[in-house]
Each structure stands twice: as structure tokens, then as C-alpha cells.
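What's in structure-v2.pdb: PDB, C-alpha atoms, pLDDT in the B column
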ATOM      1  CA  ILE Q   1       0.000   0.000   0.000  1.00 89.00           C
ATOM      2  CA  VAL Q   2       1.480   3.342  -1.040  1.00 92.00           C
ATOM      3  CA  GLU Q   3       0.358   6.577   0.585  1.00 93.00           C
ATOM      4  CA  ILE Q   4       1.493  10.179   0.227  1.00 94.00           C
ATOM      5  CA  LEU Q   5       1.275  11.805   3.663  1.00 93.00           C
ATOM      6  CA  ASP Q   6       1.908  15.254   5.083  1.00 88.00           C
ATOM      7  CA  GLU Q   7       4.021  15.991   8.173  1.00 84.00           C
ATOM      8  CA  ASN Q   8       1.121  15.021  10.475  1.00 87.00           C
ATOM      9  CA  GLY Q   9       0.479  11.634   8.824  1.00 88.00           C
ATOM     10  CA  ASN Q  10      -2.627  12.770   6.930  1.00 92.00           C
ATOM     11  CA  ASP Q  11      -3.316  12.052   3.251  1.00 92.00           C
ATOM     12  CA  VAL Q  12      -2.423  14.956   0.947  1.00 92.00           C
ATOM     13  CA  VAL Q  13      -4.700  16.249  -1.789  1.00 92.00           C
ATOM     14  CA  ASP Q  14      -3.835  15.819  -5.467  1.00 91.00           C
ATOM     15  CA  GLY Q  15      -0.807  17.861  -6.500  1.00 89.00           C
ATOM     16  CA  GLU Q  16       0.322  18.604  -2.939  1.00 89.00           C
ATOM     17  CA  LEU Q  17       3.830  17.639  -1.824  1.00 88.00           C
ATOM     18  CA  GLY Q  18       4.020  14.768   0.667  1.00 91.00           C
ATOM     19  CA  GLU Q  19       6.204  11.913   1.883  1.00 91.00           C
ATOM     20  CA  VAL Q  20       5.984   8.477   0.272  1.00 93.00           C
ATOM     21  CA  THR Q  21       4.820   6.010   2.922  1.00 93.00           C
ATOM     22  CA  VAL Q  22       4.557   2.284   2.201  1.00 93.00           C
ATOM     23  CA  THR Q  23       3.092  -0.774   3.904  1.00 91.00           C
ATOM     24  CA  PRO Q  24       4.339  -3.969   2.210  1.00 90.00           C
ATOM     25  CA  LEU Q  25       1.710  -6.668   2.662  1.00 88.00           C
ATOM     26  CA  GLY Q  26       3.961  -9.608   1.788  1.00 85.00           C
ATOM     27  CA  VAL Q  27       6.435  -9.235   4.676  1.00 83.00           C
ATOM     28  CA  GLU Q  28       5.872 -11.821   7.398  1.00 81.00           C
ATOM     29  CA  GLY Q  29       8.917 -11.769   9.716  1.00 84.00           C
ATOM     30  CA  THR Q  30       9.108  -8.092  10.615  1.00 84.00           C
ATOM     31  CA  PRO Q  31       6.156  -6.239   9.108  1.00 82.00           C
ATOM     32  CA  LEU Q  32       6.583  -2.600   8.172  1.00 86.00           C
ATOM     33  CA  ILE Q  33       3.484  -0.585   8.897  1.00 88.00           C
ATOM     34  CA  ARG Q  34       3.378   2.859   7.293  1.00 89.00           C
ATOM     35  CA  PHE Q  35       7.135   2.974   6.651  1.00 90.00           C
ATOM     36  CA  ARG Q  36       8.159   6.554   5.864  1.00 90.00           C
ATOM     37  CA  THR Q  37      10.709   6.484   3.041  1.00 90.00           C
ATOM     38  CA  GLY Q  38      11.870  10.096   3.323  1.00 87.00           C
ATOM     39  CA  ASP Q  39      11.152  10.717  -0.379  1.00 89.00           C
ATOM     40  CA  LEU Q  40       8.935  13.688  -1.226  1.00 88.00           C
ATOM     41  CA  THR Q  41       6.625  13.608  -4.227  1.00 90.00           C
ATOM     42  CA  ARG Q  42       3.123  14.580  -5.349  1.00 92.00           C
ATOM     43  CA  LYS Q  43       0.199  12.243  -5.924  1.00 91.00           C
ATOM     44  CA  TYR Q  44      -2.196  12.362  -8.847  1.00 89.00           C
ATOM     45  CA  SER Q  45      -5.543  10.569  -9.023  1.00 86.00           C
ATOM     46  CA  ASP Q  46      -6.477  11.506 -12.592  1.00 85.00           C
ATOM     47  CA  THR Q  47      -7.130   8.694 -15.045  1.00 83.00           C
ATOM     48  CA  CYS Q  48      -3.953   7.930 -16.969  1.00 80.00           C
ATOM     49  CA  SER Q  49      -3.896   8.247 -20.758  1.00 83.00           C
ATOM     50  CA  CYS Q  50      -3.387   4.449 -20.819  1.00 85.00           C
ATOM     51  CA  GLY Q  51      -6.717   3.978 -18.993  1.00 84.00           C
ATOM     52  CA  ARG Q  52      -5.435   3.116 -15.501  1.00 83.00           C
ATOM     53  CA  HIS Q  53      -7.413   4.456 -12.542  1.00 84.00           C
ATOM     54  CA  THR Q  54      -4.757   3.912  -9.833  1.00 85.00           C
ATOM     55  CA  MET Q  55      -2.918   6.673  -8.012  1.00 87.00           C
ATOM     56  CA  GLY Q  56       0.068   8.091  -9.864  1.00 87.00           C
ATOM     57  CA  LEU Q  57       3.226   9.540  -8.358  1.00 88.00           C
ATOM     58  CA  GLY Q  58       5.157  12.519  -9.636  1.00 88.00           C
ATOM     59  CA  PRO Q  59       8.950  12.584  -9.728  1.00 88.00           C
ATOM     60  CA  ILE Q  60      10.851  12.551  -6.440  1.00 85.00           C
ATOM     61  CA  GLU Q  61      11.390  16.234  -5.625  1.00 81.00           C
ATOM     62  CA  GLY Q  62      13.608  15.831  -2.590  1.00 76.00           C
ATOM     63  CA  ARG Q  63      14.172  14.166   0.766  1.00 79.00           C
ATOM     64  CA  THR Q  64      12.646  15.153   4.070  1.00 79.00           C
ATOM     65  CA  GLY Q  65      16.088  15.327   5.685  1.00 72.00           C
ATOM     66  CA  LEU Q  66      17.291  17.925   3.177  1.00 73.00           C
ATOM     67  CA  MET Q  67      14.063  19.888   2.923  1.00 73.00           C
ATOM     68  CA  MET Q  68      14.272  23.296   4.508  1.00 72.00           C
ATOM     69  CA  LYS Q  69      11.925  26.192   4.963  1.00 70.00           C
ATOM     70  CA  TYR Q  70      13.570  29.391   3.843  1.00 70.00           C
ATOM     71  CA  LYS Q  71      11.602  32.625   4.152  1.00 68.00           C
ATOM     72  CA  GLY Q  72       8.311  30.719   3.938  1.00 72.00           C
ATOM     73  CA  THR Q  73       9.340  28.648   0.913  1.00 75.00           C
ATOM     74  CA  THR Q  74      10.205  24.959   0.887  1.00 77.00           C
ATOM     75  CA  ILE Q  75      13.451  24.379  -0.961  1.00 78.00           C
ATOM     76  CA  PHE Q  76      15.735  21.440  -1.599  1.00 78.00           C
ATOM     77  CA  PRO Q  77      19.487  21.712  -2.200  1.00 78.00           C
ATOM     78  CA  GLN Q  78      19.010  19.565  -5.330  1.00 80.00           C
ATOM     79  CA  GLN Q  79      17.151  22.462  -6.935  1.00 83.00           C
ATOM     80  CA  VAL Q  80      20.178  24.723  -6.445  1.00 85.00           C
ATOM     81  CA  GLU Q  81      22.486  21.975  -7.724  1.00 85.00           C
ATOM     82  CA  ASN Q  82      20.387  21.681 -10.893  1.00 86.00           C
ATOM     83  CA  VAL Q  83      20.815  25.405 -11.594  1.00 88.00           C
ATOM     84  CA  LEU Q  84      24.580  25.263 -10.974  1.00 88.00           C
ATOM     85  CA  GLN Q  85      24.990  22.195 -13.180  1.00 87.00           C
ATOM     86  CA  SER Q  86      23.009  23.884 -15.973  1.00 88.00           C
ATOM     87  CA  HIS Q  87      25.761  26.550 -15.925  1.00 87.00           C
ATOM     88  CA  ASP Q  88      28.448  23.820 -16.073  1.00 87.00           C
ATOM     89  CA  ILE Q  89      29.583  24.546 -12.514  1.00 87.00           C
ATOM     90  CA  ASP Q  90      30.866  21.342 -10.970  1.00 86.00           C
ATOM     91  CA  LEU Q  91      32.914  22.678  -8.059  1.00 89.00           C
ATOM     92  CA  TYR Q  92      30.619  24.130  -5.390  1.00 91.00           C
ATOM     93  CA  VAL Q  93      29.583  23.577  -1.796  1.00 91.00           C
ATOM     94  CA  LEU Q  94      26.115  24.253  -0.388  1.00 89.00           C
ATOM     95  CA  ILE Q  95      25.819  24.955   3.314  1.00 87.00           C
ATOM     96  CA  LEU Q  96      22.493  24.934   5.102  1.00 82.00           C
ATOM     97  CA  GLY Q  97      22.943  26.939   8.272  1.00 82.00           C
ATOM     98  CA  LEU Q  98      21.376  29.348  10.694  1.00 83.00           C
ATOM     99  CA  ASP Q  99      21.860  33.086  10.736  1.00 83.00           C
ATOM    100  CA  GLU Q 100      22.310  35.147  13.906  1.00 86.00           C
ATOM    101  CA  ASP Q 101      18.515  35.225  14.422  1.00 85.00           C
ATOM    102  CA  GLY Q 102      18.249  31.417  14.233  1.00 81.00           C
ATOM    103  CA  LEU Q 103      16.590  31.432  10.798  1.00 79.00           C
ATOM    104  CA  ASP Q 104      17.585  29.064   7.996  1.00 78.00           C
ATOM    105  CA  GLN Q 105      20.014  30.322   5.418  1.00 83.00           C
ATOM    106  CA  LEU Q 106      21.530  28.828   2.307  1.00 84.00           C
ATOM    107  CA  ILE Q 107      25.115  29.714   1.406  1.00 89.00           C
ATOM    108  CA  VAL Q 108      26.534  28.718  -1.974  1.00 91.00           C
ATOM    109  CA  TYR Q 109      30.331  28.677  -2.162  1.00 93.00           C
ATOM    110  CA  LEU Q 110      31.745  29.109  -5.665  1.00 92.00           C
ATOM    111  CA  GLU Q 111      35.173  29.616  -7.163  1.00 90.00           C
ATOM    112  CA  ASP Q 112      36.344  33.236  -7.123  1.00 88.00           C
ATOM    113  CA  THR Q 113      37.382  33.219 -10.797  1.00 87.00           C
ATOM    114  CA  MET Q 114      33.809  33.858 -11.962  1.00 83.00           C
ATOM    115  CA  GLY Q 115      32.780  37.324 -13.077  1.00 82.00           C
ATOM    116  CA  GLU Q 116      30.289  39.442 -11.139  1.00 85.00           C
ATOM    117  CA  SER Q 117      27.751  39.494 -13.998  1.00 86.00           C
ATOM    118  CA  TYR Q 118      27.945  35.683 -14.251  1.00 87.00           C
ATOM    119  CA  ILE Q 119      27.323  35.404 -10.487  1.00 87.00           C
ATOM    120  CA  GLN Q 120      24.342  37.765 -10.801  1.00 88.00           C
ATOM    121  CA  ASP Q 121      22.919  35.596 -13.617  1.00 89.00           C
ATOM    122  CA  ILE Q 122      23.225  32.487 -11.436  1.00 88.00           C
ATOM    123  CA  LYS Q 123      21.683  34.280  -8.458  1.00 88.00           C
ATOM    124  CA  GLN Q 124      18.789  35.500 -10.630  1.00 89.00           C
ATOM    125  CA  GLU Q 125      18.154  32.003 -12.008  1.00 90.00           C
ATOM    126  CA  ILE Q 126      18.153  30.493  -8.511  1.00 87.00           C
ATOM    127  CA  ARG Q 127      15.762  33.258  -7.418  1.00 86.00           C
ATOM    128  CA  SER Q 128      13.408  32.525 -10.329  1.00 87.00           C
ATOM    129  CA  GLU Q 129      13.534  28.745  -9.705  1.00 83.00           C
ATOM    130  CA  LEU Q 130      13.178  28.802  -5.902  1.00 82.00           C
ATOM    131  CA  ARG Q 131      11.633  32.221  -5.178  1.00 82.00           C
ATOM    132  CA  VAL Q 132      14.437  32.873  -2.654  1.00 80.00           C
ATOM    133  CA  THR Q 133      17.929  34.329  -2.979  1.00 80.00           C
ATOM    134  CA  PRO Q 134      20.827  32.379  -1.501  1.00 84.00           C
ATOM    135  CA  ILE Q 135      23.991  33.972  -0.186  1.00 89.00           C
ATOM    136  CA  ILE Q 136      26.783  33.422  -2.724  1.00 90.00           C
ATOM    137  CA  LYS Q 137      30.339  33.538  -1.406  1.00 92.00           C
ATOM    138  CA  LEU Q 138      33.382  33.397  -3.645  1.00 92.00           C
ATOM    139  CA  ILE Q 139      36.498  31.646  -2.348  1.00 92.00           C
ATOM    140  CA  SER Q 140      39.698  30.340  -3.889  1.00 91.00           C
ATOM    141  CA  LYS Q 141      39.734  27.009  -5.678  1.00 90.00           C
ATOM    142  CA  LYS Q 142      42.089  25.620  -3.013  1.00 92.00           C
ATOM    143  CA  GLU Q 143      39.667  26.532  -0.192  1.00 92.00           C
ATOM    144  CA  LEU Q 144      36.723  25.182  -2.165  1.00 91.00           C
ATOM    145  CA  VAL Q 145      38.453  21.865  -2.827  1.00 90.00           C
ATOM    146  CA  ALA Q 146      39.345  21.623   0.892  1.00 90.00           C
ATOM    147  CA  MET Q 147      35.674  22.176   1.807  1.00 90.00           C
ATOM    148  CA  ARG Q 148      34.458  19.684  -0.785  1.00 90.00           C
ATOM    149  CA  PHE Q 149      37.008  16.976   0.090  1.00 89.00           C
ATOM    150  CA  PRO Q 150      37.560  17.259   3.861  1.00 85.00           C
ATOM    151  CA  GLU Q 151      40.349  15.267   5.516  1.00 85.00           C
ATOM    152  CA  GLY Q 152      39.226  11.837   6.670  1.00 82.00           C
ATOM    153  CA  SER Q 153      36.231  11.762   4.334  1.00 81.00           C
ATOM    154  CA  ARG Q 154      36.074   8.974   1.791  1.00 84.00           C
ATOM    155  CA  LYS Q 155      33.795  10.838  -0.592  1.00 87.00           C
ATOM    156  CA  PRO Q 156      33.195  14.457  -1.625  1.00 87.00           C
ATOM    157  CA  ILE Q 157      30.726  16.464   0.411  1.00 87.00           C
ATOM    158  CA  LYS Q 158      28.653  18.867  -1.698  1.00 86.00           C
ATOM    159  CA  ILE Q 159      25.992  19.665   0.897  1.00 83.00           C
ATOM    160  CA  GLN Q 160      26.631  20.406   4.555  1.00 82.00           C
ATOM    161  CA  ASP Q 161      23.728  20.767   6.949  1.00 79.00           C
ATOM    162  CA  ARG Q 162      24.861  22.827   9.907  1.00 81.00           C
ATOM    163  CA  ARG Q 163      21.399  23.733  11.194  1.00 75.00           C
ATOM    164  CA  ASN Q 164      21.502  21.236  14.081  1.00 73.00           C
ATOM    165  CA  ALA Q 165      25.193  21.601  14.885  1.00 59.00           C
TER     166      ALA Q 165
END
The structure in this file should be written as C-alpha cells.
Amino acid sequence: IVEILDENGNDVVDGELGEVTVTPLGVEGTPLIRFRTGDLTRKYSDTCSCGRHTMGLGPIEGRTGLMMKYKGTTIFPQQVENVLQSHDIDLYVLILGLDEDGLDQLIVYLEDTMGESYIQDIKQEIRSELRVTPIIKLISKKELVAMRFPEGSRKPIKIQDRRNA
């Protein structure tokens, strides 16, 4: 059984964002009842063009662990990554943090070799995609590589969540 639920465990209406929750009926040893997957998507109950009447799921838009409210808007770091990758920017670090008032903030670290007009274009595209403006900080390639590949880490870290630190 697949359900799309809101934060309170209630069914969402068509087109509303919710968490995929499953109950597999074939598991006997350790049954999973309403297992929350962490994936966020939208449900659709319209009849499919192929004639099916079952619930349809939209694409996975993010994960609950990476979802953040920013100035009243729900955003996912993947949305920012998509914009950066569309500009062929591969070296970046996104930091989810708190400002001095305890409110969420998104800082995008980029290489300092980019021009100011290029940075403004990226900022404008992120603003049009997400309806919020992140803080963009330019640092040297050496510093950026050190942030992306920290000592002792076995894989690159593109997103750092410092909200609960």
C-alpha cells in the first residue's frame, strides 16, 4: 500500500507535496506498517492516458532530511544543484545553516574566478527557480576543494547541513 502523507500523517490532496509512505503486505517476519521512506513527491488521481485508474506519483522532488523552509518557501538543495549544473559549474559547496537570528540560510560557495555578472545571472536564475535568494560567497579554488574533500572523508561532500550543529 502506497500513501502520500503530510508531516502530520494525513493524506495529501492531489498535487500537494508529501512523503511516500509504504506498507508492504507480503512481509511476514518483521512487518513494516506505514514505513516513511523520506522521499517527497506529489500524488495524482487523474485517469492515466493508458486507462489506468490507480494513483500516480510525480517525480521525487527531494528528501525530508534535506528539505528546509527558507523565508516561507520549501526548498531542496538539489534544486540549487540543478541550476549550478546547468551553468556547467561542478565545483561548489552548499551549506544549510542558521543566521544570527536562528533562521535558515543557504550559502553557496563558488570559485572566485567567476565574473560578477555571471554570479548575478546564477543568483537571478536560482531566485526565479526557488523564489528565494541564496547567499553566494566566492572563495579560492584551493579553499573550495578543501571544503568539498575534507580530511578523513572517503567521498566528496557537496551539501553540509549545519542547522543542528
Which one of Q:Leu110, Q:Met55, Q:Ile1, Q:Gly102 sits closest to Ile33 (chain Q) if you count only C-alpha atoms? Q:Ile1
Residues within 9 Å of region 162-164 of chain Q, all atoms listed in the file, excluding chain neighbours under 6 positions, as a list in words: Ile95, Leu96, Gly97, Leu98, Gly102, Asp104 and Gln105 of chain Q
Quick one: of Q:Arg36, Q:Leu106, Q:Glu116, Q:Ile89, who's nearest to Met68 (chain Q), counting all atoms listed in the file?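 That would be Q:Leu106, the residue with the smallest distance to Met68 (chain Q).
Within the file as shown, the PyMOL selection byres ((chain Q and resi 159) around 7) identifies Val93, Leu94, Ile95, Ile157, Lys158, Gln160 and Asp161 of chain Q.
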Mind telling me what the PyMOL selection byres ((chain Q and resi 114) around 12) catches here, as an mmCIF file with C-alpha atoms, in the coordinates of the input?
data_model
loop_
_atom_site.group_PDB
_atom_site.id
_atom_site.type_symbol
_atom_site.label_atom_id
_atom_site.label_comp_id
_atom_site.auth_asym_id
_atom_site.auth_seq_id
_atom_site.Cartn_x
_atom_site.Cartn_y
_atom_site.Cartn_z
ATOM 1 C CA HIS Q 87 25.761 26.550 -15.925
ATOM 2 C CA ILE Q 89 29.583 24.546 -12.514
ATOM 3 C CA LEU Q 91 32.914 22.678 -8.059
ATOM 4 C CA TYR Q 109 30.331 28.677 -2.162
ATOM 5 C CA LEU Q 110 31.745 29.109 -5.665
ATOM 6 C CA GLU Q 111 35.173 29.616 -7.163
ATOM 7 C CA ASP Q 112 36.344 33.236 -7.123
ATOM 8 C CA THR Q 113 37.382 33.219 -10.797
ATOM 9 C CA GLY Q 115 32.780 37.324 -13.077
ATOM 10 C CA GLU Q 116 30.289 39.442 -11.139
ATOM 11 C CA SER Q 117 27.751 39.494 -13.998
ATOM 12 C CA TYR Q 118 27.945 35.683 -14.251
ATOM 13 C CA ILE Q 119 27.323 35.404 -10.487
ATOM 14 C CA GLN Q 120 24.342 37.765 -10.801
ATOM 15 C CA ASP Q 121 22.919 35.596 -13.617
ATOM 16 C CA ILE Q 122 23.225 32.487 -11.436
ATOM 17 C CA ILE Q 136 26.783 33.422 -2.724
ATOM 18 C CA LYS Q 137 30.339 33.538 -1.406
ATOM 19 C CA LEU Q 138 33.382 33.397 -3.645
ATOM 20 C CA ILE Q 139 36.498 31.646 -2.348
ATOM 21 C CA SER Q 140 39.698 30.340 -3.889
ATOM 22 C CA LYS Q 141 39.734 27.009 -5.678
#
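Those residues that approach region 38-40 of chain Q to within 7 Å, counting only C-alpha atoms, are Q:Leu17, Q:Gly18, Q:Glu19, Q:Val20, Q:Ile60, Q:Glu61, Q:Gly62, Q:Arg63, Q:Thr64; same-chain residues fewer than 3 positions away are not listed.
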Would you translate the PyMOL selection byres ((chain Q and resi 130) around 9) into the concrete set of residues it matches in this file, as a ChimeraX atom specification? /Q:73-76,79-80,125-129,131-133
